[in-house]
Amino acid sequence: MDCRQLGSSGLRVPVLSFGTATFGGTGPLFGAWGRSDETEARRLVDVCLEAGVTLFDTADVYSNGASESVLGAAIRGRRDRVLISTKTGLPMGDGPQDWGASRSRLIRAVEDSLRRLGTDHVDLLQLHAFDASTPTEEVMGTLDMLIAAGKVRYAGVSNYPGWQVMKAQGIADRHGSPRLVAHQVYYSLIGRAYEADLMPVGADQGVGALVWSPLGWGRLTGKIGRDRPIPAGSRLHDTEQFAPPVEAEHLYRVIDALEAVAAETDKTVPQVAINWLLRRPTVSSVIIGARNEAQLRDNLGAVGWELMAAQVAMLDTASDVLPPYPHTPYRQQEGFARLNPALV
């Protein structure tokens with residue numbers, strides 16, 4: 001398994017990491033994703049480590065802490081072999097201190113996560129969402145405190161607007177405190193909005209992308225196509241309301257291209273979709289998920305081979321959409337494009 005630097009930090013992460021939202025799954029969203037208990041979770045961790053996947057991603061909000069607890073049990077006795085990434089900020093209750101990124105909330109949330117994970121530090125803490133009610137100076141100061149205390153090694157964000165990433169980096173530079181090094185983002189062949197603003201920000205500011213839902217919320221598994229509606233047992237029936245939207249014809253156009261490339265390469269549709277992402281600028285690691293060992297092993301087959309240029313071009317063309325203003329004229333007019341050539 002190849003490794004890459006996480007943004008401009010010194011932390012090296014595997015190009016594939018494992019998302020544990022399926023661990024201990026409960027409720028309408030996480031329960032539909034998966035319900036791996038400690039025994040199954042330990043087996044999935046075994047398979048990951050055998051393949052060189054050492055970064056495991058979780059969040060306090062995943063099944064109200066159950067994902068962290070199951071992950072902690074699954075890695076017990078081998079903490080020194082793994083990297084742990086967790087997230088906090090989304091509501092864990094209805095009380096005023098149960099959500100957000102205030103100093104009080106972050107300190108308590110990290111302590112709770114460490115207890116559930118059974119460790120004294122996390123390798124990467126990411127703010128799960130932008131909290132407009134807390135001053136960015138307070139947020140960055142608290143992250144600095146947690147890093148200085150040894151409870152957090154590196155800090156990042158998830159689902160943040162580009163302007164807020166820039167503001168956070170500016171505050172860190174002004175105070176000489178640690179900068180953000182990671183941004184966990186939605187990015188897939190049917191969701192390329194990341195490229196418009198967040199990718200250029202990441203390239204400029206040394207913020208590496210950790211990609212979530214690389215298969216477009218389960219739509220790029222190979223089970224759906226023009227003449228193949230969502231299967232009866234698919235989780236999409238229960239979770240599509242939470243998914244990033246996609247227009248049907250765009251989805252089918254991408255699937256057509258994926259199936260053509262999969263046939264040429266003798267790979268599966270998910271393997272092609274993930275491999276395409278690994279070629280993109282700023283991507284440090286793609287987070288794969290699995291409800292069972294078979295799914296995990298199939299996703300692991302996304303590495304160790306290369307798409308040909310013509311195949312990449314086919315996927316690029318099928319998945320391309322015009323970005324929103326103010327990016328549109330830079331794609332449509334030569335004069336604009338000359339001033340600001342595209343990153344990808």
# chains A, B, ... in the order shown; residues from 1 in each chain; ligands from 1

call {"tool": "select_by_dssp", "arguments": {"residues": "stretch 169-309 of chain A", "states": "strand (DSSP E or B)", "output": "VMD selection string"}}
result
chain A and resid 182 to 186 188 191 208 to 212 225 228 283 to 288

call {"tool": "write_last_selection", "arguments": {"atoms": "N, CA and C atoms", "output": "compact mmCIF listing (two decimals), in the first residue's frame"}}
result
# COMPACT_ATOMS: atom_id res chain seq x y z
N ALA A 182 -5.65 18.73 6.99
CA ALA A 182 -6.54 17.81 6.30
C ALA A 182 -7.93 18.39 6.16
N HIS A 183 -8.61 17.99 5.10
CA HIS A 183 -10.01 18.34 4.90
C HIS A 183 -10.72 17.08 4.40
N GLN A 184 -11.61 16.56 5.22
CA GLN A 184 -12.37 15.38 4.82
C GLN A 184 -13.58 15.85 4.01
N VAL A 185 -13.61 15.43 2.74
CA VAL A 185 -14.57 16.01 1.79
C VAL A 185 -15.31 14.93 1.00
N TYR A 186 -16.50 15.28 0.55
CA TYR A 186 -17.21 14.43 -0.40
C TYR A 186 -16.65 14.70 -1.79
N SER A 188 -16.41 12.43 -5.68
CA SER A 188 -16.61 11.20 -6.44
C SER A 188 -16.83 11.56 -7.90
N GLY A 191 -19.79 13.54 -8.05
CA GLY A 191 -19.80 14.68 -7.14
C GLY A 191 -18.47 15.39 -7.17
N GLY A 208 -4.47 18.42 2.77
CA GLY A 208 -4.73 17.20 2.01
C GLY A 208 -6.17 16.76 2.14
N ALA A 209 -6.70 16.21 1.06
CA ALA A 209 -8.08 15.72 1.07
C ALA A 209 -8.14 14.27 1.53
N LEU A 210 -9.02 14.02 2.48
CA LEU A 210 -9.43 12.67 2.84
C LEU A 210 -10.84 12.52 2.28
N VAL A 211 -11.00 11.65 1.30
CA VAL A 211 -12.24 11.60 0.53
C VAL A 211 -13.24 10.65 1.18
N TRP A 212 -14.42 11.18 1.50
CA TRP A 212 -15.48 10.30 1.98
C TRP A 212 -16.50 10.03 0.87
N GLY A 225 -27.80 0.80 -12.72
CA GLY A 225 -27.51 1.18 -14.10
C GLY A 225 -28.77 1.64 -14.80
N ARG A 228 -31.10 -1.05 -14.53
CA ARG A 228 -31.01 -1.73 -13.24
C ARG A 228 -31.36 -0.74 -12.13
N VAL A 283 -5.47 14.87 -3.25
CA VAL A 283 -6.03 13.71 -2.55
C VAL A 283 -4.90 12.96 -1.82
N SER A 284 -4.99 12.93 -0.50
CA SER A 284 -4.01 12.19 0.30
C SER A 284 -4.45 10.75 0.53
N SER A 285 -5.74 10.55 0.78
CA SER A 285 -6.25 9.21 1.03
C SER A 285 -7.73 9.14 0.71
N VAL A 286 -8.16 8.00 0.20
CA VAL A 286 -9.58 7.75 -0.07
C VAL A 286 -10.10 6.80 1.00
N ILE A 287 -11.16 7.22 1.66
CA ILE A 287 -11.73 6.42 2.75
C ILE A 287 -12.72 5.40 2.17
N ILE A 288 -12.40 4.13 2.33
CA ILE A 288 -13.29 3.07 1.88
C ILE A 288 -14.05 2.52 3.07

call {"tool": "select_by_dssp", "arguments": {"residues": "stretch 186-296 of chain A", "states": "alpha helix (DSSP H)", "output": "PyMOL selection string"}}
result
chain A and resi 198-205+236-239+248-265+269-278+293-296

call {"tool": "residues_around", "arguments": {"residues": "A:Arg76", "least_positions_apart": "3", "cutoff": "9 Å", "atoms": "only C-alpha atoms", "output": "MDAnalysis selection string"}}
result
chainID A and resid 71:73 79 117:118

call {"tool": "write_last_selection", "arguments": {"atoms": "C-alpha atoms", "output": "CSV table (one decimal), in the first residue's frame"}}
result
chain,number,residue,atom,x,y,z
A,71,LEU,CA,-13.0,0.6,16.8
A,72,GLY,CA,-11.2,0.9,20.2
A,73,ALA,CA,-12.0,-2.7,21.0
A,79,ARG,CA,-2.5,0.8,18.9
A,117,LEU,CA,-11.3,4.6,21.8
A,118,GLY,CA,-9.2,3.4,24.7

call {"tool": "residues_around", "arguments": {"residues": "A:Ser102", "least_positions_apart": "6", "cutoff": "8 Å", "atoms": "only C-alpha atoms", "output": "PyMOL selection string"}}
result
chain A and resi 134+138-139

call {"tool": "write_last_selection", "arguments": {"atoms": "C-alpha atoms", "output": "JSON list (two decimals), in the first residue's frame"}}
result
[["chain", "number", "residue", "atom", "x", "y", "z"],
["A", 134, "THR", "CA", -17.86, 30.03, 17.76],
["A", 138, "GLU", "CA", -11.26, 30.26, 19.89],
["A", 139, "VAL", "CA", -11.43, 27.12, 17.75]]

call {"tool": "residues_around", "arguments": {"residues": "A:Thr136", "least_positions_apart": "3", "cutoff": "12 Å", "atoms": "only C-alpha atoms", "output": "number ranges by chain"}}
result
A: 100-103, 127, 130-133, 139-143, 163-172

call {"tool": "closest_residue", "arguments": {"among": "A:Met92, A:Asn159, A:Thr22, A:Leu180", "to": "A:Leu125", "atoms": "only C-alpha atoms"}}
result
A:Leu180

call {"tool": "residues_around", "arguments": {"residues": "A:Arg153", "least_positions_apart": "2", "cutoff": "10 Å", "atoms": "only C-alpha atoms", "output": "PyMOL selection string"}}
result
chain A and resi 11+85+121-125+143-144+146-151+155+178

call {"tool": "residues_around", "arguments": {"residues": "A:Val70", "least_positions_apart": "4", "cutoff": "10 Å", "atoms": "only C-alpha atoms", "output": "ChimeraX atom specification"}}
result
/A:20,22-25,36-42,65-66,74-76,116-117

call {"tool": "closest_residue", "arguments": {"among": "A:Gln295, A:Pro135, A:Gly7, A:Met1", "to": "A:Arg179", "atoms": "only C-alpha atoms"}}
result
A:Gly7

call {"tool": "closest_residue", "arguments": {"among": "A:Gly156, A:Phe30, A:Tyr194, A:Tyr62", "to": "A:Thr239", "atoms": "only C-alpha atoms"}}
result
A:Phe30

call {"tool": "closest_residue", "arguments": {"among": "A:Val157, A:Val61, A:Ala342, A:Met145", "to": "A:Val207", "atoms": "only C-alpha atoms"}}
result
A:Val157

call {"tool": "closest_residue", "arguments": {"among": "A:Arg12, A:Leu322, A:Ala129, A:Arg81", "to": "A:Glu50", "atoms": "only C-alpha atoms"}}
result
A:Arg81

call {"tool": "atom_distance", "arguments": {"atom1": "atom CA of A:Val82", "atom2": "atom CA of A:Thr54"}}
result
4.8 Å

call {"tool": "atom_distance", "arguments": {"atom1": "atom CA of A:Gln126", "atom2": "atom CA of A:Lys87"}}
result
4.6 Å

call {"tool": "atom_distance", "arguments": {"atom1": "atom CA of A:Ile274", "atom2": "atom CA of A:Asn299"}}
result
7.9 Å
